[in-house]
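Enquirer: The structure file upload.cif (mmCIF, C-alpha atoms) is provided below.
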```
data_data
#
loop_
_atom_site.label_atom_id
_atom_site.label_comp_id
_atom_site.auth_asym_id
_atom_site.auth_seq_id
_atom_site.Cartn_x
_atom_site.Cartn_y
_atom_site.Cartn_z
CA GLN A 115 -10.33 -10.35 13.25
CA PRO A 116 -12.31 -13.25 11.78
CA SER A 117 -12.27 -16.39 13.91
CA ASN A 118 -10.18 -19.19 12.41
CA GLY A 119 -9.30 -16.88 9.53
CA VAL A 120 -5.99 -16.66 7.76
CA ARG A 121 -3.81 -14.12 9.55
CA LEU A 122 -1.91 -11.85 7.19
CA LEU A 123 0.95 -9.66 8.44
CA SER A 124 3.09 -6.89 7.00
CA VAL A 125 5.87 -4.87 8.55
CA GLY A 126 7.23 -1.59 7.24
CA ARG A 127 7.10 2.15 7.06
CA LEU A 128 3.71 3.46 5.99
CA GLU A 129 4.82 5.12 2.79
CA LYS A 130 4.29 4.57 -0.93
CA GLN A 131 7.48 2.49 -1.39
CA LYS A 132 6.08 -0.33 0.75
CA GLY A 133 3.03 -0.81 -1.49
CA PHE A 134 0.43 -1.30 1.24
CA ASP A 135 -2.03 0.80 -0.81
CA ARG A 136 -1.93 -1.69 -3.68
CA MET A 137 -2.34 -4.63 -1.30
CA ILE A 138 -5.44 -2.99 0.20
CA ALA A 139 -6.86 -2.73 -3.33
CA ALA A 140 -6.12 -6.42 -3.98
CA LEU A 141 -7.69 -7.54 -0.70
CA ALA A 142 -10.80 -5.45 -1.45
CA ALA A 143 -11.45 -7.41 -4.66
CA PRO A 144 -14.61 -9.57 -4.36
CA THR A 145 -12.72 -12.87 -4.79
CA VAL A 146 -10.56 -12.09 -1.76
CA ARG A 147 -13.01 -10.04 0.30
CA GLU A 148 -15.37 -13.03 0.58
CA LEU A 149 -12.69 -15.17 2.26
CA ASN A 150 -11.96 -15.40 5.97
CA TRP A 151 -8.80 -13.35 6.65
CA SER A 152 -7.43 -10.43 8.64
CA TRP A 153 -4.38 -8.28 7.96
CA THR A 154 -2.20 -6.59 10.58
CA ILE A 155 0.27 -3.95 9.48
CA ILE A 156 3.11 -3.04 11.85
CA GLY A 157 4.72 0.31 11.23
CA ASP A 158 4.10 4.00 11.05
CA GLY A 159 4.79 6.75 8.59
CA VAL A 160 3.64 9.65 6.48
CA ASP A 161 0.93 7.65 4.66
CA ARG A 162 -0.86 6.37 7.76
CA GLN A 163 -3.90 8.63 7.32
CA ALA A 164 -4.15 7.96 3.58
CA LEU A 165 -4.00 4.19 4.17
CA GLN A 166 -6.58 4.40 6.95
CA SER A 167 -8.89 6.35 4.62
CA GLN A 168 -8.39 3.78 1.85
CA ILE A 169 -9.22 0.97 4.29
CA VAL A 170 -12.46 2.71 5.32
CA ARG A 171 -13.43 3.46 1.68
CA ALA A 172 -12.87 -0.23 0.87
CA GLY A 173 -15.06 -1.27 3.82
CA LEU A 174 -12.20 -3.28 5.35
CA GLU A 175 -11.81 -1.48 8.68
CA ARG A 176 -12.82 -4.63 10.60
CA ARG A 177 -10.29 -6.75 8.70
CA ILE A 178 -7.20 -4.53 8.36
CA THR A 179 -5.49 -3.12 11.43
CA LEU A 180 -2.71 -0.53 11.47
CA ILE A 181 -1.09 -1.00 14.86
CA GLY A 182 1.80 1.44 14.61
CA SER A 183 5.33 0.68 15.69
CA ALA A 184 5.86 -2.60 17.53
CA PRO A 185 8.49 -5.34 17.70
CA ALA A 186 7.73 -7.41 14.59
CA HIS A 187 9.27 -10.63 15.88
CA ALA A 188 6.45 -10.93 18.42
CA TYR A 189 3.87 -11.07 15.60
CA PHE A 190 5.51 -13.57 13.25
CA ALA A 191 4.46 -16.53 15.42
CA HIS A 192 0.80 -15.54 14.98
CA ALA A 193 0.90 -15.00 11.20
CA ASP A 194 -0.08 -17.42 8.45
CA ILE A 195 1.36 -15.32 5.61
CA VAL A 196 3.64 -12.28 5.56
CA LEU A 197 2.80 -9.91 2.70
CA CYS A 198 5.57 -7.76 1.20
CA PRO A 199 3.99 -5.67 -1.60
CA SER A 200 6.90 -3.22 -1.96
CA ARG A 201 7.42 -1.19 -5.11
CA PHE A 202 11.20 -1.42 -4.56
CA GLU A 203 13.61 -2.51 -1.82
CA GLY A 204 17.31 -2.75 -1.10
CA MET A 205 18.05 -5.80 1.06
CA PRO A 206 14.58 -7.05 2.12
CA LEU A 207 15.03 -7.90 5.80
CA VAL A 208 11.36 -8.45 6.74
CA PRO A 209 10.96 -11.42 4.37
CA LEU A 210 14.20 -12.93 5.67
CA GLU A 211 13.04 -12.59 9.30
CA ALA A 212 9.63 -14.07 8.48
CA ILE A 213 11.15 -17.07 6.70
CA GLU A 214 13.46 -17.62 9.66
CA ALA A 215 10.34 -17.63 11.85
CA GLY A 216 8.78 -20.26 9.59
CA VAL A 217 6.12 -18.01 8.07
CA PRO A 218 5.60 -18.11 4.30
CA VAL A 219 6.22 -14.80 2.56
CA ILE A 220 4.48 -13.51 -0.53
CA GLY A 221 6.26 -10.59 -2.16
CA SER A 222 5.84 -8.28 -5.10
CA ALA A 223 7.70 -8.92 -8.35
CA ILE A 224 10.72 -6.73 -7.63
CA LEU A 225 14.37 -7.59 -8.11
CA ALA A 226 15.16 -7.83 -4.39
CA HIS A 227 12.39 -10.39 -3.84
CA ALA A 228 13.34 -12.34 -6.97
CA GLU A 229 16.93 -12.58 -5.70
CA LEU A 230 15.84 -13.64 -2.22
CA PHE A 231 13.30 -16.23 -3.32
CA GLY A 232 15.30 -17.63 -6.24
CA GLY A 233 13.38 -20.56 -7.68
CA ALA A 234 10.44 -20.38 -5.26
CA SER A 235 8.16 -18.89 -7.89
CA ASN A 236 5.03 -19.26 -5.73
CA SER A 237 6.55 -16.64 -3.42
CA ILE A 238 6.17 -13.82 -5.94
CA LEU A 239 2.93 -12.05 -6.85
CA PRO A 240 2.31 -11.45 -10.56
CA GLU A 241 3.79 -8.25 -12.00
CA GLU A 242 0.30 -7.22 -13.08
CA GLU A 243 -1.48 -6.00 -9.93
CA LEU A 244 -4.90 -6.88 -11.38
CA LEU A 245 -3.86 -10.55 -10.96
CA TRP A 246 -2.95 -10.20 -7.28
CA PRO A 247 -6.45 -11.02 -5.95
CA GLN A 248 -6.46 -14.37 -7.76
CA SER A 249 -3.03 -15.31 -6.33
CA LEU A 250 -3.92 -14.15 -2.83
CA ALA A 251 -7.27 -15.95 -2.85
CA ALA A 252 -5.58 -19.23 -3.81
CA LEU A 253 -3.15 -18.95 -0.88
CA ILE A 254 -5.81 -17.86 1.61
CA ARG A 255 -8.07 -20.77 0.61
CA ASP A 256 -5.40 -23.49 0.55
CA GLU A 257 -3.29 -24.27 3.61
CA SER A 258 -1.30 -26.87 1.66
CA ALA A 259 -0.31 -24.16 -0.85
CA ARG A 260 0.94 -22.00 2.05
CA ASN A 261 2.85 -24.98 3.43
CA GLN A 262 4.43 -25.58 0.03
CA VAL A 263 5.61 -21.95 -0.12
CA ARG A 264 6.99 -22.27 3.42
CA ALA A 265 8.91 -25.45 2.52
CA GLU A 266 10.35 -23.94 -0.69
CA GLN A 267 11.49 -20.84 1.16
CA ALA A 268 13.05 -22.80 4.02
CA GLY A 269 15.04 -24.78 1.48
CA LEU A 270 16.29 -21.63 -0.25
CA LEU A 271 17.78 -20.13 2.88
CA GLY A 272 19.62 -23.21 4.08
CA ALA A 273 20.54 -23.90 7.66
CA ASN A 274 21.77 -20.40 8.51
CA PRO A 275 19.96 -17.64 6.57
CA ARG A 276 21.64 -14.82 8.50
CA GLN A 277 25.01 -16.20 7.46
CA ARG A 278 23.82 -16.06 3.85
CA LEU A 279 22.87 -12.41 4.32
CA TRP A 280 26.28 -11.51 5.78
CA ASN A 281 28.04 -13.43 3.01
CA ASP A 282 26.04 -11.48 0.41
CA TYR A 283 27.07 -8.21 2.06
CA ARG A 284 30.71 -9.34 2.23
CA ILE A 285 30.69 -10.16 -1.48
CA ILE A 286 29.20 -6.75 -2.32
CA TYR A 287 31.78 -4.88 -0.24
CA GLU A 288 34.67 -6.94 -1.58
CA SER A 289 33.59 -6.28 -5.17
CA LEU A 290 33.31 -2.54 -4.42
CA LEU A 291 36.73 -2.49 -2.80
CA SER A 292 38.37 -4.38 -5.64
CA ALA A 293 36.76 -2.02 -8.17
CA GLY A 294 37.89 1.01 -6.20
CA GLY A 295 34.30 1.93 -5.35
CA LEU A 296 34.90 2.60 -1.65
CA GLN A 297 37.71 5.07 -1.14
#
```
Go through the file and emit its structure as structure tokens.

Expert:
Amino acid sequence: QPSNGVRLLSVGRLEKQKGFDRMIAALAAPTVRELNWSWTIIGDGVDRQALQSQIVRAGLERRITLIGSAPAHAYFAHADIVLCPSRFEGMPLVPLEAIEAGVPVIGSAILAHAELFGGASNSILPEEELLWPQSLAALIRDESARNQVRAEQAGLLGANPRQRLWNDYRIIYESLLSAGGLQ
């Protein structure tokens, strides 16, 4: 890991849905590669070998570490940015946990992230993956930009983000019950 570098973190199953392959491609771009960062990925899964091969082909084996399964909460305190490049998600719990821990989250442009981040537009990567390196480089270079994302996200969740999550679930179940969807 580079000394004094920006510490990136992701948590999730190592499979195509989570989009780690496209994040590796973005981090391998020259505009990002030249910066001082490291990326730790917590999780395991069927794509572990393919991701490891992609990391080696990109020449990023000293910068990206797949550590396998581990308790994610222990790593949030040591992260500067949590990356969530998923292709799709249901209820995105990792971003919620990271925001609760005070770590800014940068997610892909999927509906679940758009709903979670609301008006915090700096939290969402561009839909076009070719633009990801430019967005990532700006955040890696600029601590004040990361702090702005953190502040916007903290404001979105309010004082009790877990309560918001449970309220969202309650509303979903109540609407299903009233529509006769759960019988």

Enquirer: Which residue out of A:Arg162, A:Arg121, A:Arg136, A:Arg260 has the minimum interatomic distance to Ser222 of chain A when all atoms listed in the file are used?

Expert: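 Smallest separation from Ser222 of chain A among the options: A:Arg136.
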
Enquirer: For the file shown, report as an NGL selection string the outcome of the PyMOL selection byres ((chain A and resi 247) around 9) at residue level.

Expert: :A and (137 or 139-146 or 243-246 or 248-252)

Enquirer: To verify the selection step, state as an MDAnalysis selection string which residues the PyMOL selection byres ((chain A and resi 199-210) around 10) yields on this input.

Expert: chainID A and resid 124:126 129:138 186:187 196:198 211:227 229:231 238:239 243 267 271 275:276 279 282:283

Enquirer: For a test of reading the model, state the distance in Å between atom CA of Arg255 of chain A and atom CA of Ala172 of chain A, rounded to one decimal.

Expert: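 Here the two named atoms are 21.1 Å from each other.
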
Enquirer: Run the PyMOL selection byres ((chain A and resi 120) around 8) on the file and write out the hits as a list in words.

Expert: Asn118, Gly119, Arg121, Leu122, Asn150, Trp151, Ser152, Ala193, Asp194, Ile195 and Ile254 of chain A

Enquirer: For the selection just defined, write its residues with C-alpha atoms to a file, as a tab-separated table (two decimals), keeping the file's coordinate frame.

Expert:
```tsv
chain	number	residue	atom	x	y	z
A	118	ASN	CA	-10.18	-19.19	12.41
A	119	GLY	CA	-9.30	-16.88	9.53
A	121	ARG	CA	-3.81	-14.12	9.55
A	122	LEU	CA	-1.91	-11.85	7.19
A	150	ASN	CA	-11.96	-15.40	5.97
A	151	TRP	CA	-8.80	-13.35	6.65
A	152	SER	CA	-7.43	-10.43	8.64
A	193	ALA	CA	0.90	-15.00	11.20
A	194	ASP	CA	-0.08	-17.42	8.45
A	195	ILE	CA	1.36	-15.32	5.61
A	254	ILE	CA	-5.81	-17.86	1.61
```

Enquirer: I want to know what sits within 8 Å of Leu180 of chain A, based on all atoms listed in the file, with residues of the same chain fewer than 5 positions away left out; could you give that as an mmCIF file with C-alpha atoms, in the frame of the given file?

Expert:
```cif
data_model
loop_
_atom_site.group_PDB
_atom_site.id
_atom_site.type_symbol
_atom_site.label_atom_id
_atom_site.label_comp_id
_atom_site.auth_asym_id
_atom_site.auth_seq_id
_atom_site.Cartn_x
_atom_site.Cartn_y
_atom_site.Cartn_z
ATOM 1 C CA THR A 154 -2.200 -6.590 10.580
ATOM 2 C CA ILE A 155 0.270 -3.950 9.480
ATOM 3 C CA ILE A 156 3.110 -3.040 11.850
ATOM 4 C CA GLY A 157 4.720 0.310 11.230
ATOM 5 C CA GLN A 166 -6.580 4.400 6.950
#
```

Enquirer: Find, counting only C-alpha atoms, the residue in A:Ala164, A:Glu242, A:Ile169, A:Ala293 that gets nearest to Leu128 of chain A.

Expert: A:Ala164

Enquirer: Could you check the closest approach to Ala188 of chain A for each of A:Leu123, A:Glu148, A:Ala265, A:Trp153 and tell me which residue wins, using all atoms listed in the file?

Expert: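 Answer, going by the shortest atom-to-atom distance: A:Leu123.
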
Enquirer: May I have the centre and edge lengths, in Å to one decimal, of an axis-aligned box around the listed atoms of segment 199-216 of chain A with 3 Å added to every side, as AutoDock Vina command-line options?

Expert:
```
--center_x 11.0 --center_y -10.7 --center_z 3.4 --size_x 20.1 --size_y 25.1 --size_z 23.0
```

Enquirer: Please, what distance in Å, to one decimal, runs between atom CA of Arg264 of chain A and atom CA of Ile178 of chain A?

Expert: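 So the answer is 23.2 Å.
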
Enquirer: Nearest residue to Gly232 of chain A out of A:Ala259, A:Leu253, A:Gly269, A:Ser167, using all atoms listed in the file?

Expert: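 Answer, going by the shortest atom-to-atom distance: A:Gly269.
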
Enquirer: With only C-alpha atoms as the atoms that count, which of A:Ile286, A:Asp158, A:Asn261, A:Ser235 lies nearest to Ser183 of chain A?

Expert: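 Using only C-alpha atoms, the shortest distance to Ser183 of chain A belongs to A:Asp158.
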
Enquirer: What's the separation between atom CA of Ala234 of chain A and atom CA of Leu270 of chain A, in Å to one decimal place?

Expert: 7.8 Å
